[in-house]
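Content type compact mmCIF, C-alpha atoms and all ligand atoms, from the file model_3.txt:
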```
# COMPACT_ATOMS: atom_id res chain seq x y z
CA MET A 1 -15.68 -9.40 -8.06
CA ALA A 2 -14.47 -5.82 -7.69
CA GLU A 3 -16.95 -3.24 -8.99
CA ILE A 4 -14.81 -0.11 -9.04
CA ILE A 5 -11.20 -0.99 -8.43
CA GLY A 6 -9.22 -2.80 -11.10
CA LYS A 7 -11.63 -2.58 -14.05
CA SER A 8 -8.71 -1.09 -15.93
CA ILE A 9 -5.15 -2.22 -15.15
CA ILE A 10 -2.06 -0.64 -16.71
CA LYS A 11 0.90 -3.01 -16.55
CA LEU A 12 4.41 -1.55 -16.73
CA THR A 13 7.79 -3.25 -16.69
CA SER A 14 9.73 -0.37 -15.19
CA VAL A 15 8.79 3.12 -13.99
CA ASP A 16 10.22 5.69 -11.61
CA SER A 17 7.22 5.35 -9.28
CA THR A 18 3.70 4.07 -9.95
CA ASN A 19 2.38 7.00 -7.89
CA ASN A 20 4.22 9.48 -10.12
CA TYR A 21 2.98 7.71 -13.25
CA ALA A 22 -0.64 7.80 -12.04
CA THR A 23 -0.48 11.41 -10.88
CA ASN A 24 1.12 12.56 -14.14
CA ASN A 25 -1.27 10.75 -16.47
CA MET A 26 -4.68 10.26 -14.84
CA LEU A 27 -6.08 13.71 -15.48
CA ALA A 28 -4.78 14.27 -19.02
CA GLU A 29 -5.87 10.77 -20.08
CA LYS A 30 -9.14 10.88 -18.08
CA TRP A 31 -8.59 7.57 -16.36
CA TYR A 32 -11.64 5.74 -14.97
CA GLU A 33 -12.07 5.69 -11.24
CA GLY A 34 -10.40 2.54 -9.92
CA THR A 35 -7.70 2.40 -12.60
CA VAL A 36 -4.66 0.51 -11.32
CA VAL A 37 -1.04 0.95 -12.38
CA VAL A 38 1.25 -1.93 -11.55
CA SER A 39 4.95 -2.26 -12.29
CA GLU A 40 7.57 -4.99 -12.06
CA GLU A 41 10.04 -2.47 -10.68
CA GLN A 42 10.39 1.16 -9.65
CA THR A 43 13.60 3.08 -10.15
CA LYS A 44 12.54 5.74 -7.61
CA GLY A 45 9.91 4.01 -5.48
CA ARG A 46 8.84 6.44 -2.81
CA GLY A 47 7.95 5.75 0.82
CA GLN A 48 6.59 7.98 3.56
CA ILE A 49 8.62 11.09 4.53
CA ASN A 50 11.10 11.01 1.64
CA ASN A 51 12.13 7.41 2.26
CA SER A 52 12.67 5.11 -0.70
CA TRP A 53 10.83 1.81 -1.19
CA GLU A 54 12.94 -1.27 -1.94
CA SER A 55 11.58 -3.95 -4.26
CA GLU A 56 13.45 -6.52 -6.37
CA PHE A 57 12.42 -6.75 -10.05
CA GLY A 58 9.43 -9.02 -10.64
CA LYS A 59 9.20 -10.28 -7.07
CA ASN A 60 6.61 -8.13 -5.34
CA LEU A 61 3.55 -5.99 -5.95
CA LEU A 62 4.01 -2.29 -6.63
CA LEU A 63 0.81 -0.51 -7.52
CA SER A 64 -1.18 2.68 -7.44
CA ILE A 65 -4.96 2.94 -7.49
CA VAL A 66 -6.66 6.09 -8.74
CA LEU A 67 -9.85 7.20 -6.98
CA TYR A 68 -12.10 10.24 -7.28
CA PRO A 69 -13.69 10.44 -3.82
CA LYS A 70 -15.34 13.80 -4.41
CA PHE A 71 -17.93 12.90 -1.76
CA LEU A 72 -15.24 12.97 0.95
CA PRO A 73 -14.62 16.24 2.83
CA ILE A 74 -10.95 17.06 3.36
CA HIS A 75 -11.20 16.70 7.14
CA ASN A 76 -12.20 13.04 6.57
CA GLN A 77 -9.25 12.15 4.37
CA PHE A 78 -7.82 9.71 6.93
CA LEU A 79 -10.78 7.47 6.04
CA LEU A 80 -9.07 6.75 2.72
CA SER A 81 -6.03 5.62 4.60
CA LYS A 82 -8.20 3.37 6.77
CA VAL A 83 -9.99 1.88 3.76
CA CYS A 84 -6.75 1.16 1.95
CA ALA A 85 -5.04 -0.30 5.02
CA LEU A 86 -8.07 -2.51 5.76
CA GLY A 87 -8.11 -3.85 2.20
CA VAL A 88 -4.39 -4.66 2.31
CA CYS A 89 -4.70 -6.15 5.78
CA ASP A 90 -7.64 -8.38 4.81
CA ALA A 91 -5.95 -9.57 1.61
CA ILE A 92 -2.80 -10.56 3.51
CA GLY A 93 -5.03 -12.10 6.19
CA GLU A 94 -6.28 -14.57 3.59
CA TYR A 95 -2.72 -15.99 3.53
CA VAL A 96 -1.30 -15.54 7.07
CA GLY A 97 -2.54 -14.71 10.57
CA ASN A 98 -1.73 -11.86 12.96
CA VAL A 99 -1.89 -9.08 10.35
CA LYS A 100 -2.20 -5.62 11.87
CA ILE A 101 -2.24 -1.97 10.84
CA LYS A 102 0.59 -0.08 12.48
CA TRP A 103 -0.62 3.51 12.64
CA PRO A 104 -0.90 5.36 10.41
CA ASN A 105 -0.89 2.77 7.62
CA ASP A 106 1.99 0.30 7.69
CA ILE A 107 0.96 -3.32 7.52
CA TYR A 108 2.64 -5.66 9.96
CA VAL A 109 2.65 -9.40 10.46
CA GLY A 110 3.77 -9.93 14.03
CA ARG A 111 6.59 -7.44 14.53
CA LYS A 112 7.59 -7.24 10.86
CA LYS A 113 6.53 -4.90 8.07
CA ILE A 114 5.08 -6.62 5.01
CA ALA A 115 3.50 -3.65 3.20
CA GLY A 116 3.61 0.13 3.05
CA ILE A 117 1.08 2.65 1.77
CA LEU A 118 1.65 6.12 0.35
CA ILE A 119 -1.53 8.09 -0.33
CA GLU A 120 -1.40 11.32 -2.33
CA ASN A 121 -4.54 13.46 -2.58
CA ILE A 122 -5.41 16.35 -4.85
CA ILE A 123 -7.69 18.78 -3.04
CA MET A 124 -10.21 21.04 -4.82
CA GLY A 125 -12.09 23.49 -2.65
CA SER A 126 -13.23 21.55 0.40
CA SER A 127 -13.19 18.05 -1.06
CA ILE A 128 -10.78 15.49 -2.48
CA SER A 129 -10.95 15.52 -6.26
CA SER A 130 -8.55 12.63 -6.74
CA SER A 131 -6.49 10.28 -4.68
CA VAL A 132 -3.63 7.97 -5.58
CA LEU A 133 -3.30 5.00 -3.24
CA GLY A 134 0.26 3.69 -3.60
CA ILE A 135 0.85 0.24 -2.20
CA GLY A 136 4.09 -1.72 -1.93
CA LEU A 137 3.68 -5.34 -0.85
CA ASN A 138 6.49 -7.78 -0.23
CA ILE A 139 5.42 -11.02 -1.86
CA ASN A 140 8.30 -13.21 -3.10
CA GLN A 141 11.45 -11.29 -2.14
CA ASN A 142 13.77 -13.31 0.10
CA GLU A 143 16.47 -10.80 0.99
CA PHE A 144 16.20 -7.11 1.77
CA PHE A 145 19.14 -4.74 1.43
CA SER A 146 17.92 -1.26 2.37
CA ASP A 147 18.09 0.00 5.94
CA ALA A 148 14.30 -0.22 6.29
CA PRO A 149 13.64 -1.81 9.67
CA ASN A 150 12.26 -5.36 9.93
CA PRO A 151 10.94 -6.10 6.41
CA VAL A 152 9.33 -9.45 5.64
CA SER A 153 7.65 -11.03 2.60
CA LEU A 154 4.73 -13.41 2.29
CA CYS A 155 7.09 -16.00 0.79
CA GLN A 156 9.39 -15.78 3.83
CA LEU A 157 6.42 -16.29 6.12
CA LEU A 158 4.85 -19.17 4.20
CA GLY A 159 8.02 -20.86 2.94
CA GLU A 160 6.75 -20.94 -0.66
CA GLU A 161 6.34 -18.64 -3.66
CA ILE A 162 2.98 -16.96 -4.00
CA SER A 163 1.13 -16.17 -7.27
CA ARG A 164 1.27 -12.39 -7.56
CA LYS A 165 -1.60 -12.45 -10.03
CA LEU A 166 -3.94 -14.23 -7.61
CA PHE A 167 -2.82 -12.01 -4.77
CA LEU A 168 -3.48 -8.87 -6.83
CA ASP A 169 -7.03 -10.08 -7.56
CA ARG A 170 -7.70 -10.63 -3.87
CA LEU A 171 -6.13 -7.28 -2.97
CA LEU A 172 -8.25 -5.30 -5.43
CA ASP A 173 -11.41 -7.10 -4.29
CA ASN A 174 -10.69 -6.33 -0.66
CA ILE A 175 -9.92 -2.65 -1.24
CA ASP A 176 -13.02 -2.41 -3.42
CA PHE A 177 -15.10 -3.86 -0.57
CA TRP A 178 -13.88 -1.20 1.87
CA TYR A 179 -14.06 1.66 -0.63
CA LYS A 180 -17.73 0.82 -1.25
CA ARG A 181 -18.35 0.98 2.52
CA LEU A 182 -16.87 4.48 2.41
CA ALA A 183 -18.90 5.56 -0.63
CA ASP A 184 -22.02 4.27 1.19
CA ASN A 185 -21.08 6.32 4.26
CA GLU A 186 -20.73 3.26 6.51
CA ILE A 187 -18.19 5.09 8.61
CA SER A 188 -18.73 3.27 11.89
CA VAL A 189 -18.17 -0.10 10.16
CA ILE A 190 -14.83 1.21 8.84
CA ASP A 191 -13.85 2.77 12.17
CA ASP A 192 -14.62 -0.41 14.12
CA ALA A 193 -12.70 -2.63 11.69
CA PHE A 194 -9.72 -0.25 11.74
CA LEU A 195 -9.67 -0.20 15.53
CA SER A 196 -9.80 -3.96 15.84
CA SER A 197 -6.90 -4.26 13.37
CA LEU A 198 -4.75 -1.64 15.09
CA PHE A 199 -1.26 -2.84 16.06
CA LEU A 200 -0.68 -2.79 19.84
CA LEU A 201 -4.18 -1.51 20.63
CA ASN A 202 -4.64 -1.43 24.43
CA GLU A 203 -1.32 -3.18 25.07
CA VAL A 204 1.13 -1.44 27.38
CA SER A 205 3.97 -0.49 25.04
CA THR A 206 6.87 1.95 24.90
CA PHE A 207 6.83 5.17 22.90
CA THR A 208 9.11 8.14 22.33
CA ASP A 209 7.91 11.69 21.74
CA ASN A 210 9.55 15.10 22.12
CA THR A 211 9.34 14.81 25.92
CA GLY A 212 11.17 11.47 26.08
CA THR A 213 10.37 7.75 26.34
CA TYR A 214 7.35 6.47 28.27
CA ASN A 215 5.00 3.51 28.63
CA GLY A 216 1.40 3.77 27.59
CA ARG A 217 -1.52 2.18 25.77
CA ILE A 218 -2.84 3.06 22.30
CA LEU A 219 -6.52 3.97 22.64
CA GLY A 220 -7.26 4.50 18.95
CA VAL A 221 -7.28 7.44 16.56
CA ASP A 222 -9.32 10.64 16.61
CA GLU A 223 -11.59 11.84 13.80
CA ILE A 224 -8.69 13.32 11.81
CA GLY A 225 -6.51 10.26 12.24
CA ARG A 226 -4.24 11.39 15.06
CA LEU A 227 -2.99 8.59 17.31
CA LYS A 228 -4.26 8.66 20.91
CA ILE A 229 -2.07 7.21 23.66
CA GLN A 230 -2.88 6.95 27.36
CA PRO A 231 0.41 7.22 29.28
CA LYS A 232 0.72 4.76 32.15
CA ASN A 233 1.75 7.37 34.69
CA ASP A 234 -0.30 10.31 33.50
CA ASP A 235 -4.06 10.88 33.21
CA VAL A 236 -3.76 13.18 30.21
CA ILE A 237 -4.22 11.43 26.86
CA ARG A 238 -1.54 12.38 24.30
CA THR A 239 -2.54 12.93 20.66
CA TYR A 240 -0.08 12.78 17.77
CA HIS A 241 0.23 13.63 14.12
CA PHE A 242 2.35 11.33 11.93
CA LYS A 243 6.04 11.36 12.93
CA GLU A 244 5.40 13.07 16.29
CA VAL A 245 5.68 9.73 18.09
CA GLU A 246 7.76 6.61 17.59
CA TYR A 247 7.14 3.08 18.73
CA VAL A 248 9.96 1.49 20.70
CA LEU A 249 9.62 -2.14 19.61
C1 LIG B 1 6.03 3.42 3.25
O1 LIG B 1 5.80 2.49 4.02
O2 LIG B 1 6.96 4.20 3.45
C2 LIG B 1 5.16 3.60 2.04
C3 LIG B 1 5.67 2.81 0.87
C4 LIG B 1 4.81 2.92 -0.37
C5 LIG B 1 5.44 2.23 -1.55
C6 LIG B 1 4.53 2.17 -2.73
S1 LIG B 1 5.14 1.12 -4.00
C7 LIG B 1 3.93 1.69 -5.12
C8 LIG B 1 3.76 3.17 -4.87
N1 LIG B 1 4.71 3.94 -5.66
C9 LIG B 1 5.62 4.55 -4.91
O3 LIG B 1 6.56 5.24 -5.34
N2 LIG B 1 5.39 4.31 -3.61
C10 LIG B 1 4.21 3.49 -3.43
```

Is it possible to express this structure as structure tokens?
Amino acid sequence: MAEIIGKSIIKLTSVDSTNNYATNNMLAEKWYEGTVVVSEEQTKGRGQINNSWESEFGKNLLLSIVLYPKFLPIHNQFLLSKVCALGVCDAIGEYVGNVKIKWPNDIYVGRKKIAGILIENIIMGSSISSSVLGIGLNINQNEFFSDAPNPVSLCQLLGEEISRKLFLDRLLDNIDFWYKRLADNEISVIDDAFLSSLFLLNEVSTFTDNTGTYNGRILGVDEIGRLKIQPKNDDVIRTYHFKEVEYVL
């Protein structure tokens, strides 16, 4: 049973974006930590880097979780991303195998994307006063129309419709589990779990950066969440911020 996350759930039928709704209302209405906003549809669902997020009405899970991780210094904010990705990954892992976190925080099953995460933090001084964890999970959608590469839903993978209510319960429990590890400062437990869930870890794969395309192995992430890749034909490890490197899959 989740202790922090999901004690209060706001259910909407339609909204521009659950992240916008949470950000615009949580402070004025003094929402409890762990409040969840979930909607049947978003008219302006947002993805990373100004992308949109496609989701058919009533088919998937679109939610935002409000946290107040005031204990977390700004330079550790990638830990929130890890915690959220691990919770999503573990919840999906209760239904299907081969679930991985594609850095920084896409969730993949095999070579297909099943969930995306958009985290928006409000910084006060040197710590994070509030954080909105936005999660889009493909549950029962059977066809995708946007140009997002390789989407997949749980229903497509399992060949049957899934109860979104039961899935949401499992999701909130799993994120709660990992958020408590963070609040208890169990950082190495989080880091180890993240590393062992990392998509393509240690596998020779192809990447493109501003110098061109090359083969290399993902070694992990550094303390601020930058991806570390060891090129095959070069001793110098390359370190990347989000969007500085692309996977060639
Ligand atoms: C991505 O992979 O680009 C991130 C997608 C995040 C989508 C979710 S859906 C709920 C929440 N509200 C939004 O507008 N975006 C996030």

For Ile123 in chain A, find every residue with an atom within 12 Å (counting all atoms listed in the file), except residues of its own chain fewer than 2 positions away, and show them as a VMD selection string.
chain A and resid 68 to 75 77 120 to 121 125 to 132

Excluding Thr206 in chain A and residues on its chain fewer than 5 positions from it, collect all residues at most 12 Å away from it, counting all atoms listed in the file, and give them as JSON, numbers by chain.
{"A": [200, 212, 213, 214, 215, 216, 217, 218, 229, 230, 231, 232, 245, 246, 247, 248, 249]}

Please tabulate, as a tab-separated table, the residues of chain A that come within 9 Å of ligand LIG 1 (chain B), each with its closest pair of atoms and the distance in Å to one decimal, counting only C-alpha atoms and all ligand atoms and ordering rows by chain, then residue number upward.
```
residue	atom	partner	partner_atom	distance
A:Asp16	CA	B:LIG1	O3	7.3
A:Ser17	CA	B:LIG1	O3	4.0
A:Thr18	CA	B:LIG1	N1	4.4
A:Asn19	CA	B:LIG1	N1	4.4
A:Asn20	CA	B:LIG1	O3	6.8
A:Tyr21	CA	B:LIG1	N1	8.6
A:Val37	CA	B:LIG1	C7	8.8
A:Val38	CA	B:LIG1	C7	7.9
A:Ser39	CA	B:LIG1	C7	8.2
A:Gln42	CA	B:LIG1	O3	7.1
A:Thr43	CA	B:LIG1	O3	8.8
A:Lys44	CA	B:LIG1	O3	6.4
A:Gly45	CA	B:LIG1	O3	3.6
A:Arg46	CA	B:LIG1	O3	3.6
A:Gly47	CA	B:LIG1	O2	3.2
A:Gln48	CA	B:LIG1	O2	3.8
A:Ile49	CA	B:LIG1	O2	7.2
A:Asn50	CA	B:LIG1	O2	8.2
A:Asn51	CA	B:LIG1	O2	6.2
A:Ser52	CA	B:LIG1	O2	7.1
A:Trp53	CA	B:LIG1	C5	5.4
A:Glu54	CA	B:LIG1	C5	8.3
A:Ser55	CA	B:LIG1	S1	8.2
A:Leu61	CA	B:LIG1	S1	7.5
A:Leu62	CA	B:LIG1	C7	4.3
A:Leu63	CA	B:LIG1	C7	4.5
A:Ser64	CA	B:LIG1	C8	5.6
A:Asn105	CA	B:LIG1	O1	7.6
A:Asp106	CA	B:LIG1	O1	5.7
A:Ile107	CA	B:LIG1	O1	8.3
A:Lys113	CA	B:LIG1	O1	8.5
A:Ala115	CA	B:LIG1	O1	6.6
A:Gly116	CA	B:LIG1	O1	3.4
A:Ile117	CA	B:LIG1	C2	4.2
A:Leu118	CA	B:LIG1	C4	4.6
A:Ile119	CA	B:LIG1	C10	8.0
A:Val132	CA	B:LIG1	C8	8.8
A:Leu133	CA	B:LIG1	C8	7.5
A:Gly134	CA	B:LIG1	C8	3.8
A:Ile135	CA	B:LIG1	C6	4.2
A:Gly136	CA	B:LIG1	S1	3.7
A:Leu137	CA	B:LIG1	S1	7.3
```

For the residues in that selection, give me C-alpha atoms as a PDB file, in the frame of the given file.
```
ATOM      1  CA  ASP A  16      10.220   5.690 -11.610  1.00  0.00           C
ATOM      2  CA  SER A  17       7.220   5.350  -9.280  1.00  0.00           C
ATOM      3  CA  THR A  18       3.700   4.070  -9.950  1.00  0.00           C
ATOM      4  CA  ASN A  19       2.380   7.000  -7.890  1.00  0.00           C
ATOM      5  CA  ASN A  20       4.220   9.480 -10.120  1.00  0.00           C
ATOM      6  CA  TYR A  21       2.980   7.710 -13.250  1.00  0.00           C
ATOM      7  CA  VAL A  37      -1.040   0.950 -12.380  1.00  0.00           C
ATOM      8  CA  VAL A  38       1.250  -1.930 -11.550  1.00  0.00           C
ATOM      9  CA  SER A  39       4.950  -2.260 -12.290  1.00  0.00           C
ATOM     10  CA  GLN A  42      10.390   1.160  -9.650  1.00  0.00           C
ATOM     11  CA  THR A  43      13.600   3.080 -10.150  1.00  0.00           C
ATOM     12  CA  LYS A  44      12.540   5.740  -7.610  1.00  0.00           C
ATOM     13  CA  GLY A  45       9.910   4.010  -5.480  1.00  0.00           C
ATOM     14  CA  ARG A  46       8.840   6.440  -2.810  1.00  0.00           C
ATOM     15  CA  GLY A  47       7.950   5.750   0.820  1.00  0.00           C
ATOM     16  CA  GLN A  48       6.590   7.980   3.560  1.00  0.00           C
ATOM     17  CA  ILE A  49       8.620  11.090   4.530  1.00  0.00           C
ATOM     18  CA  ASN A  50      11.100  11.010   1.640  1.00  0.00           C
ATOM     19  CA  ASN A  51      12.130   7.410   2.260  1.00  0.00           C
ATOM     20  CA  SER A  52      12.670   5.110  -0.700  1.00  0.00           C
ATOM     21  CA  TRP A  53      10.830   1.810  -1.190  1.00  0.00           C
ATOM     22  CA  GLU A  54      12.940  -1.270  -1.940  1.00  0.00           C
ATOM     23  CA  SER A  55      11.580  -3.950  -4.260  1.00  0.00           C
ATOM     24  CA  LEU A  61       3.550  -5.990  -5.950  1.00  0.00           C
ATOM     25  CA  LEU A  62       4.010  -2.290  -6.630  1.00  0.00           C
ATOM     26  CA  LEU A  63       0.810  -0.510  -7.520  1.00  0.00           C
ATOM     27  CA  SER A  64      -1.180   2.680  -7.440  1.00  0.00           C
ATOM     28  CA  ASN A 105      -0.890   2.770   7.620  1.00  0.00           C
ATOM     29  CA  ASP A 106       1.990   0.300   7.690  1.00  0.00           C
ATOM     30  CA  ILE A 107       0.960  -3.320   7.520  1.00  0.00           C
ATOM     31  CA  LYS A 113       6.530  -4.900   8.070  1.00  0.00           C
ATOM     32  CA  ALA A 115       3.500  -3.650   3.200  1.00  0.00           C
ATOM     33  CA  GLY A 116       3.610   0.130   3.050  1.00  0.00           C
ATOM     34  CA  ILE A 117       1.080   2.650   1.770  1.00  0.00           C
ATOM     35  CA  LEU A 118       1.650   6.120   0.350  1.00  0.00           C
ATOM     36  CA  ILE A 119      -1.530   8.090  -0.330  1.00  0.00           C
ATOM     37  CA  VAL A 132      -3.630   7.970  -5.580  1.00  0.00           C
ATOM     38  CA  LEU A 133      -3.300   5.000  -3.240  1.00  0.00           C
ATOM     39  CA  GLY A 134       0.260   3.690  -3.600  1.00  0.00           C
ATOM     40  CA  ILE A 135       0.850   0.240  -2.200  1.00  0.00           C
ATOM     41  CA  GLY A 136       4.090  -1.720  -1.930  1.00  0.00           C
ATOM     42  CA  LEU A 137       3.680  -5.340  -0.850  1.00  0.00           C
TER      43      LEU A 137
END
```

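Note that CA of Thr239 in chain A and CA of Asp222 in chain A are 8.2 Å apart.
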
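Relative to CA of Ser196 in chain A, CA of Leu168 in chain A is found at 24.0 Å.
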
note - CA of Asn60 in chain A and CA of Ser153 in chain A are separated by 8.5 Å

Using all atoms listed in the file, which of A:Glu56, A:Gly159, A:Glu223, A:Gly93 sits nearest Asn138 in chain A?
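Checking each of A:Glu56, A:Gly159, A:Glu223, A:Gly93 against Asn138 in chain A, counting all atoms listed in the file, the winner is A:Glu56.
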
List the spatial neighbours of Ile5 in chain A as a ChimeraX atom specification - criterion: any atom at most 8 Å away, all atoms listed in the file, same-chain residues fewer than 6 positions off excluded.
/A:33-36,65,172-173,175-176

Option closest in space to Gly220 in chain A, from A:Ile10, A:Val109, A:Leu201, A:Val15 [counting all atoms listed in the file]
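Closest to Gly220 in chain A of all the choices is A:Leu201.
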
Test item: residues at most 7 Å from His241 in chain A, only C-alpha atoms, excluding those fewer than 3 positions along its chain, as an mmCIF file with C-alpha atoms, keeping the file's coordinate frame:
```cif
data_model
loop_
_atom_site.group_PDB
_atom_site.id
_atom_site.type_symbol
_atom_site.label_atom_id
_atom_site.label_comp_id
_atom_site.auth_asym_id
_atom_site.auth_seq_id
_atom_site.Cartn_x
_atom_site.Cartn_y
_atom_site.Cartn_z
ATOM 1 C CA ARG A 226 -4.240 11.390 15.060
ATOM 2 C CA LEU A 227 -2.990 8.590 17.310
ATOM 3 C CA GLU A 244 5.400 13.070 16.290
#
```

Please determine the residues with any atom at most 8 Å from (-14.5, -11.5, -6.4) (coordinates as given in the file, with only C-alpha atoms counting) and report them as a tab-separated table (two decimals) with C-alpha atoms, in the coordinates of the input.
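selection-v9.tsv written:
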```tsv
chain	number	residue	atom	x	y	z
A	1	MET	CA	-15.68	-9.40	-8.06
A	2	ALA	CA	-14.47	-5.82	-7.69
A	169	ASP	CA	-7.03	-10.08	-7.56
A	170	ARG	CA	-7.70	-10.63	-3.87
A	173	ASP	CA	-11.41	-7.10	-4.29
```

Considering only C-alpha atoms, can you say which of A:Lys228, A:Phe78, A:Phe177, A:Glu41 comes closest to Asn202 in chain A?
A:Lys228

Of A:Leu157, A:Val204, A:Leu219, A:Ala85, the one sitting nearest Asn233 in chain A when using all atoms listed in the file is A:Val204

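In terms of minimum interatomic distance to Glu3 in chain A, A:Lys180 ranks closest within A:Asn25, A:Lys180, A:Asp235, A:Ser188, counting only C-alpha atoms.
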
Within 8 Å of Ala91 in chain A, counting all atoms listed in the file, which residues qualify if same-chain residues fewer than 5 places away don't, as a ChimeraX atom specification?
/A:167,170-171,174

Axis-aligned box for all listed atoms of range 142-148 of chain A, 3 Å per side, centre and edges in Å to one decimal, as JSON:
```
{"center_x": 16.5, "center_y": -6.7, "center_z": 3.2, "size_x": 11.4, "size_y": 19.3, "size_z": 12.2}
```

Closest of A:Lys11, A:Arg164, A:Lys112, A:Lys243 to Ala148 in chain A - atom-to-atom distances counting all atoms listed in the file:
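The shortest atom-to-atom distance to Ala148 in chain A comes from A:Lys112.
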